[in-house]
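Text of protein_18.pdb (PDB, C-alpha atoms) as supplied:
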ATOM      1  CA  MET A   1      14.777 -15.489   8.784
ATOM      2  CA  LEU A   2      11.187 -16.633   9.298
ATOM      3  CA  ASN A   3      10.339 -15.078   5.943
ATOM      4  CA  LYS A   4      12.494 -17.654   4.173
ATOM      5  CA  TYR A   5      10.894 -20.766   5.668
ATOM      6  CA  ALA A   6       7.404 -19.814   6.857
ATOM      7  CA  ARG A   7       6.380 -18.052   3.643
ATOM      8  CA  ALA A   8       6.912 -21.197   1.540
ATOM      9  CA  PHE A   9       4.928 -23.341   3.996
ATOM     10  CA  PHE A  10       1.937 -20.993   4.279
ATOM     11  CA  THR A  11       1.937 -20.365   0.539
ATOM     12  CA  ARG A  12       1.320 -24.086  -0.031
ATOM     13  CA  VAL A  13      -1.366 -24.179   2.663
ATOM     14  CA  LEU A  14      -3.201 -21.120   1.324
ATOM     15  CA  THR A  15      -3.030 -22.011  -2.380
ATOM     16  CA  PRO A  16      -6.472 -23.739  -2.457
ATOM     17  CA  PHE A  17      -8.053 -20.741  -0.713
ATOM     18  CA  ALA A  18      -6.432 -18.366  -3.218
ATOM     19  CA  ALA A  19      -7.761 -20.487  -6.083
ATOM     20  CA  LEU A  20     -11.269 -20.371  -4.591
ATOM     21  CA  LEU A  21     -11.184 -16.562  -4.387
ATOM     22  CA  LEU A  22     -10.138 -16.372  -8.027
ATOM     23  CA  ARG A  23     -13.052 -18.606  -9.049
ATOM     24  CA  LEU A  24     -15.358 -16.240  -7.149
ATOM     25  CA  GLY A  25     -14.014 -13.309  -9.166
ATOM     26  CA  VAL A  26     -12.077 -11.632  -6.342
ATOM     27  CA  SER A  27      -8.973  -9.707  -7.450
ATOM     28  CA  PRO A  28      -5.580  -9.779  -5.667
ATOM     29  CA  ASP A  29      -5.756  -6.020  -5.051
ATOM     30  CA  THR A  30      -9.118  -6.437  -3.318
ATOM     31  CA  VAL A  31      -7.617  -9.048  -0.986
ATOM     32  CA  THR A  32      -4.708  -6.694  -0.230
ATOM     33  CA  LEU A  33      -7.045  -3.829   0.663
ATOM     34  CA  ILE A  34      -9.424  -5.963   2.756
ATOM     35  CA  GLY A  35      -6.534  -7.603   4.590
ATOM     36  CA  THR A  36      -4.971  -4.266   5.486
ATOM     37  CA  GLY A  37      -8.336  -2.887   6.598
ATOM     38  CA  GLY A  38      -8.893  -5.909   8.850
ATOM     39  CA  VAL A  39      -5.466  -5.621  10.451
ATOM     40  CA  MET A  40      -5.996  -1.913  11.072
ATOM     41  CA  ALA A  41      -9.429  -2.541  12.607
ATOM     42  CA  GLY A  42      -8.098  -5.246  14.922
ATOM     43  CA  ALA A  43      -5.148  -3.135  16.011
ATOM     44  CA  LEU A  44      -6.789   0.273  16.369
ATOM     45  CA  VAL A  45     -10.123  -0.853  17.824
ATOM     46  CA  PHE A  46      -9.004  -3.525  20.317
ATOM     47  CA  TYR A  47      -5.401  -2.738  21.280
ATOM     48  CA  PRO A  48      -5.943   0.833  22.584
ATOM     49  CA  ILE A  49      -8.486  -0.494  25.109
ATOM     50  CA  GLY A  50      -6.252  -3.353  26.243
ATOM     51  CA  GLU A  51      -8.140  -6.172  24.475
ATOM     52  CA  PHE A  52      -4.984  -7.861  23.244
ATOM     53  CA  PHE A  53      -6.394 -11.376  22.893
ATOM     54  CA  TRP A  54      -9.350 -10.468  20.678
ATOM     55  CA  GLY A  55      -7.340  -7.849  18.817
ATOM     56  CA  THR A  56      -4.721 -10.448  17.954
ATOM     57  CA  VAL A  57      -7.401 -12.923  16.842
ATOM     58  CA  VAL A  58      -8.830 -10.358  14.416
ATOM     59  CA  ILE A  59      -5.393  -9.309  13.144
ATOM     60  CA  THR A  60      -4.333 -12.928  12.601
ATOM     61  CA  LEU A  61      -7.444 -13.623  10.530
ATOM     62  CA  PHE A  62      -6.459 -10.880   8.102
ATOM     63  CA  VAL A  63      -2.656 -10.823   8.211
ATOM     64  CA  PHE A  64      -2.343 -13.850   5.894
ATOM     65  CA  SER A  65      -3.805 -11.760   3.073
ATOM     66  CA  ASP A  66      -0.200 -10.744   2.443
ATOM     67  CA  LEU A  67       0.441 -14.292   1.208
ATOM     68  CA  VAL A  68      -2.944 -14.874  -0.420
ATOM     69  CA  ASP A  69      -2.823 -11.873  -2.777
ATOM     70  CA  GLY A  70       0.619 -12.780  -4.104
ATOM     71  CA  ASN A  71      -0.459 -16.380  -4.545
ATOM     72  CA  MET A  72      -3.506 -15.236  -6.511
ATOM     73  CA  ALA A  73      -1.384 -13.042  -8.766
ATOM     74  CA  ARG A  74       0.971 -15.928  -9.517
ATOM     75  CA  GLN A  75      -1.919 -18.249 -10.327
ATOM     76  CA  LEU A  76      -3.230 -15.629 -12.742
ATOM     77  CA  GLY A  77       0.256 -15.311 -14.216
ATOM     78  CA  ARG A  78       0.135 -11.542 -14.091
ATOM     79  CA  SER A  79       2.240 -10.317 -11.189
ATOM     80  CA  SER A  80       2.611  -6.580 -11.713
ATOM     81  CA  ARG A  81       4.740  -3.703 -10.494
ATOM     82  CA  TRP A  82       1.568  -1.998  -9.287
ATOM     83  CA  GLY A  83       0.528  -5.034  -7.243
ATOM     84  CA  ALA A  84       3.982  -5.313  -5.676
ATOM     85  CA  PHE A  85       3.975  -1.589  -4.873
ATOM     86  CA  LEU A  86       0.490  -1.684  -3.344
ATOM     87  CA  ASP A  87       1.288  -4.770  -1.277
ATOM     88  CA  SER A  88       4.544  -3.342   0.065
ATOM     89  CA  THR A  89       3.011   0.037   0.845
ATOM     90  CA  LEU A  90       0.028  -1.402   2.701
ATOM     91  CA  ASP A  91       2.326  -3.736   4.652
ATOM     92  CA  ARG A  92       3.897  -0.605   6.156
ATOM     93  CA  VAL A  93       0.431   0.776   6.954
ATOM     94  CA  ALA A  94      -0.590  -2.467   8.700
ATOM     95  CA  ASP A  95       2.628  -2.601  10.731
ATOM     96  CA  ALA A  96       2.154   0.997  11.817
ATOM     97  CA  ALA A  97      -1.402   0.222  12.942
ATOM     98  CA  VAL A  98      -0.256  -2.719  15.100
ATOM     99  CA  PHE A  99       2.422  -0.779  16.945
ATOM    100  CA  GLY A 100       0.345   2.403  16.927
ATOM    101  CA  GLY A 101      -2.503   0.573  18.680
ATOM    102  CA  ILE A 102      -0.140  -0.734  21.367
ATOM    103  CA  ALA A 103       1.407   2.722  21.807
ATOM    104  CA  LEU A 104      -2.078   4.177  22.333
ATOM    105  CA  TRP A 105      -2.695   1.606  25.065
ATOM    106  CA  TYR A 106       0.477   2.563  26.915
ATOM    107  CA  ALA A 107      -0.293   6.260  26.455
ATOM    108  CA  GLY A 108      -3.733   5.695  28.010
ATOM    109  CA  GLY A 109      -4.891   2.778  30.135
ATOM    110  CA  GLY A 110      -1.504   1.049  30.098
ATOM    111  CA  ASP A 111      -0.026   4.132  31.759
ATOM    112  CA  SER A 112       3.640   3.619  30.875
ATOM    113  CA  VAL A 113       5.628   6.373  29.182
ATOM    114  CA  THR A 114       8.635   4.054  28.908
ATOM    115  CA  MET A 115       6.749   1.283  27.096
ATOM    116  CA  CYS A 116       4.974   3.831  24.911
ATOM    117  CA  ALA A 117       8.397   5.112  23.833
ATOM    118  CA  VAL A 118       9.671   1.566  23.211
ATOM    119  CA  THR A 119       6.601   0.801  21.098
ATOM    120  CA  ILE A 120       7.080   3.960  19.035
ATOM    121  CA  PHE A 121      10.706   2.951  18.519
ATOM    122  CA  CYS A 122       9.513  -0.464  17.281
ATOM    123  CA  LEU A 123       7.180   1.274  14.838
ATOM    124  CA  ALA A 124       9.815   3.704  13.537
ATOM    125  CA  SER A 125      12.709   1.232  13.381
ATOM    126  CA  GLY A 126      10.573  -1.294  11.507
ATOM    127  CA  GLN A 127       9.754   1.294   8.867
ATOM    128  CA  VAL A 128      13.416   2.310   8.548
ATOM    129  CA  VAL A 129      14.590  -1.312   8.307
ATOM    130  CA  SER A 130      12.262  -1.784   5.335
ATOM    131  CA  TYR A 131      13.354   1.532   3.824
ATOM    132  CA  THR A 132      17.067   0.714   3.969
ATOM    133  CA  LYS A 133      16.597  -2.389   1.820
ATOM    134  CA  ALA A 134      14.295  -0.634  -0.640
ATOM    135  CA  ARG A 135      16.618   2.365  -0.908
ATOM    136  CA  GLY A 136      19.707   0.193  -1.319
ATOM    137  CA  GLU A 137      18.055  -1.782  -4.097
ATOM    138  CA  SER A 138      16.892   1.421  -5.791
ATOM    139  CA  ILE A 139      20.504   2.566  -6.193
ATOM    140  CA  GLY A 140      21.490  -0.752  -7.737
ATOM    141  CA  LEU A 141      22.817  -2.675  -4.738
ATOM    142  CA  PRO A 142      21.681  -6.233  -3.913
ATOM    143  CA  VAL A 143      21.526  -5.697  -0.113
ATOM    144  CA  ASN A 144      22.336  -9.363   0.455
ATOM    145  CA  VAL A 145      21.693  -9.733   4.166
ATOM    146  CA  ASN A 146      19.225 -11.710   6.259
ATOM    147  CA  GLY A 147      18.564  -9.441   9.200
ATOM    148  CA  LEU A 148      18.084 -10.699  12.755
ATOM    149  CA  VAL A 149      14.518  -9.348  13.059
ATOM    150  CA  GLU A 150      12.746  -8.648   9.773
ATOM    151  CA  ARG A 151       9.025  -8.044   9.193
ATOM    152  CA  ALA A 152       7.945 -11.651   9.742
ATOM    153  CA  GLU A 153       9.831 -11.878  13.027
ATOM    154  CA  ARG A 154       8.485  -8.522  14.207
ATOM    155  CA  LEU A 155       4.895  -9.584  13.582
ATOM    156  CA  VAL A 156       5.184 -13.116  14.979
ATOM    157  CA  ILE A 157       6.918 -12.036  18.187
ATOM    158  CA  THR A 158       4.573  -9.108  18.764
ATOM    159  CA  LEU A 159       1.295 -10.824  17.876
ATOM    160  CA  VAL A 160       1.973 -14.112  19.665
ATOM    161  CA  LEU A 161       3.086 -12.501  22.926
ATOM    162  CA  ALA A 162       0.465  -9.742  22.738
ATOM    163  CA  GLY A 163      -2.227 -12.380  22.243
ATOM    164  CA  LEU A 164      -0.948 -14.411  25.181
ATOM    165  CA  SER A 165      -0.756 -11.313  27.373
ATOM    166  CA  GLY A 166      -4.449 -10.837  26.626
ATOM    167  CA  PHE A 167      -5.192 -13.861  28.813
ATOM    168  CA  THR A 168      -4.875 -11.433  31.715
ATOM    169  CA  ALA A 169      -8.528 -10.619  31.012
ATOM    170  CA  PHE A 170      -9.387 -14.269  31.690
ATOM    171  CA  GLY A 171      -7.688 -14.226  35.081
ATOM    172  CA  VAL A 172      -4.294 -15.696  34.149
ATOM    173  CA  PRO A 173      -1.783 -14.053  36.525
ATOM    174  CA  TYR A 174       1.512 -12.400  35.519
ATOM    175  CA  ILE A 175       1.091 -13.199  31.824
ATOM    176  CA  GLY A 176       0.712  -9.510  30.957
ATOM    177  CA  VAL A 177       4.491  -9.166  31.252
ATOM    178  CA  LEU A 178       4.851 -10.953  27.891
ATOM    179  CA  LEU A 179       3.877  -7.849  25.917
ATOM    180  CA  PRO A 180       6.686  -5.643  27.302
ATOM    181  CA  VAL A 181       9.095  -8.556  26.730
ATOM    182  CA  ALA A 182       7.975  -8.780  23.097
ATOM    183  CA  LEU A 183       8.414  -5.064  22.537
ATOM    184  CA  TRP A 184      11.900  -4.944  24.047
ATOM    185  CA  VAL A 185      12.954  -7.950  21.942
ATOM    186  CA  VAL A 186      11.569  -6.365  18.762
ATOM    187  CA  ALA A 187      13.137  -2.989  19.564
ATOM    188  CA  ILE A 188      16.594  -4.428  20.187
ATOM    189  CA  GLY A 189      16.346  -6.852  17.277
ATOM    190  CA  SER A 190      15.220  -4.092  14.898
ATOM    191  CA  ALA A 191      18.146  -1.910  15.956
ATOM    192  CA  VAL A 192      20.556  -4.783  15.276
ATOM    193  CA  THR A 193      18.910  -5.485  11.904
ATOM    194  CA  LEU A 194      19.146  -1.829  10.931
ATOM    195  CA  GLY A 195      22.850  -1.891  11.741
ATOM    196  CA  GLN A 196      23.307  -5.064   9.687
ATOM    197  CA  ARG A 197      21.651  -3.498   6.655
ATOM    198  CA  VAL A 198      23.535  -0.210   6.914
ATOM    199  CA  VAL A 199      26.871  -2.030   7.164
ATOM    200  CA  THR A 200      25.930  -4.259   4.220
ATOM    201  CA  VAL A 201      24.926  -1.319   2.024
ATOM    202  CA  ARG A 202      28.135   0.533   2.921
ATOM    203  CA  ARG A 203      30.234  -2.507   1.982
ATOM    204  CA  GLU A 204      28.354  -3.183  -1.243
ATOM    205  CA  ALA A 205      28.547   0.488  -2.236
ATOM    206  CA  ALA A 206      32.312   0.534  -1.640
ATOM    207  CA  GLU A 207      32.742  -2.654  -3.686
ATOM    208  CA  ALA A 208      30.613  -1.266  -6.531
ATOM    209  CA  GLU A 209      32.583   2.002  -6.611
ATOM    210  CA  ALA A 210      35.899   0.099  -6.548
ATOM    211  CA  GLU A 211      34.773  -2.049  -9.487
ATOM    212  CA  ALA A 212      33.646   1.028 -11.396
ATOM    213  CA  GLY A 213      36.976   2.742 -10.715
ATOM    214  CA  GLY A 214      38.903  -0.322 -11.848
ATOM    215  CA  ALA A 215      36.892  -0.566 -15.063
ATOM    216  CA  ALA A 216      37.541   3.106 -15.775
TER     217      ALA A 216
END
If you convert what's in this file into structure tokens, what do you get?
Amino acid sequence: MLNKYARAFFTRVLTPFAALLLRLGVSPDTVTLIGTGGVMAGALVFYPIGEFFWGTVVITLFVFSDLVDGNMARQLGRSSRWGAFLDSTLDRVADAAVFGGIALWYAGGGDSVTMCAVTIFCLASGQVVSYTKARGESIGLPVNVNGLVERAERLVITLVLAGLSGFTAFGVPYIGVLLPVALWVVAIGSAVTLGQRVVTVRREAAEAEAEAGGAA
């Protein structure tokens, strides 16, 4: 849902920055790689030691590369299958780093087996949600469904509440509870979204097979 509205807004905001990078000779693929590297560094360096505020600051600085590289490609007029593949693949890597970093915290200093398991579920379900759409489209189905919690929602909920929970280090009481809340919301929302996509693919597949049978 956020994907539909927020992407258009931030694309307009980031267009001048994308144009500047092109004038400097930077390629869209370079931006994709640097952005993913920055997200991974923020997540895997800061999150496992409980530095959620600074980790989120670093991740946020790099996460918008996902919009900048596509904007650059469109300005060049040469969007490619390779660029789309690289961008989509590295999005999965970045997402895994975010939830992997949080899981490492709960497996170590966070000392919560339950929340570690919930975080791993968030990681796995997010990957499967993305896979269901890609797989459905690869077999010729449109997969026309706006899921409850897609990638944009997963990142916004997790990063905003993780960043706020990091204010615990500055002496703000009770705010650390926001991170578990975020993870439970993402876990439940991802499960619902997965169900929505599976049901949609099943319906579209049945309709496609019925049309093919009628034509025959």
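Neighbouring residues of A:Glu204 at 9 Å or closer, counting only C-alpha atoms and skipping chain neighbours under 6 positions away, are Leu141, Pro142, Val143 and Asn144 of chain A.
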Open item on the list: Taking (6.1, -8.5, 18.9) in the coordinates of the supplied file, I want to know which residues reach to within 12 Å of it, counting only C-alpha atoms; could you give the answer as a PyMOL selection string?
Closed with: chain A and resi 52+56+95+98-99+102+118-119+122-123+126+149-165+178-190
Open item on the list: On this structure, the PyMOL selection byres ((chain A and resi 21-31) around 12) would catch which residues? List them as an MDAnalysis selection string, sorted by chain and number.
Closed with: chainID A and resid 14:20 32:38 62:80 82:88 90
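Closest approach to A:Leu194 among A:Arg81, A:Lys133, A:Arg12, A:Arg92 is made by A:Lys133 (distances from all atoms listed in the file).
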Open item on the list: When you look at A:Gly101 with a cut-off of 6 Å (counting only C-alpha atoms), what residues show up, excluding the ones that are within fewer than 4 positions of it in the same chain? I need them as a PyMOL selection string.
Closed with: chain A and resi 43-44+47-48+97
Box along x, y and z, 5 Å on every side, all listed atoms of stretch 37-46 of chain A inside: centre and edge lengths in Å to one decimal, as lines of an AutoDock Vina configuration file.
center_x = -7.6
center_y = -2.8
center_z = 13.5
size_x = 15.0
size_y = 16.2
size_z = 23.7
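With all atoms listed in the file taken into account, the protein and nucleic acid residues at most 9 Å from A:Thr132 (excluding it and anything under 2 positions from it in its own chain) are Gln127, Val128, Val129, Ser130, Ala134, Arg135, Gly136, Glu137, Val143, Leu194, Arg197, Val198 and Val201 of chain A.
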TODO: In Å, rounded to a single decimal, give me how far atom CA of A:Tyr131 is from atom CA of A:Gly213.
DONE: 27.8 Å
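Atom pair atom CA of A:Gly100 / atom CA of A:Val145 has a distance of 27.7 Å (rounded to one decimal).
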Task: For atom CA of A:Gly147 and atom CA of A:Gln196, the interatomic separation in Å (one decimal) - done: 6.5 Å
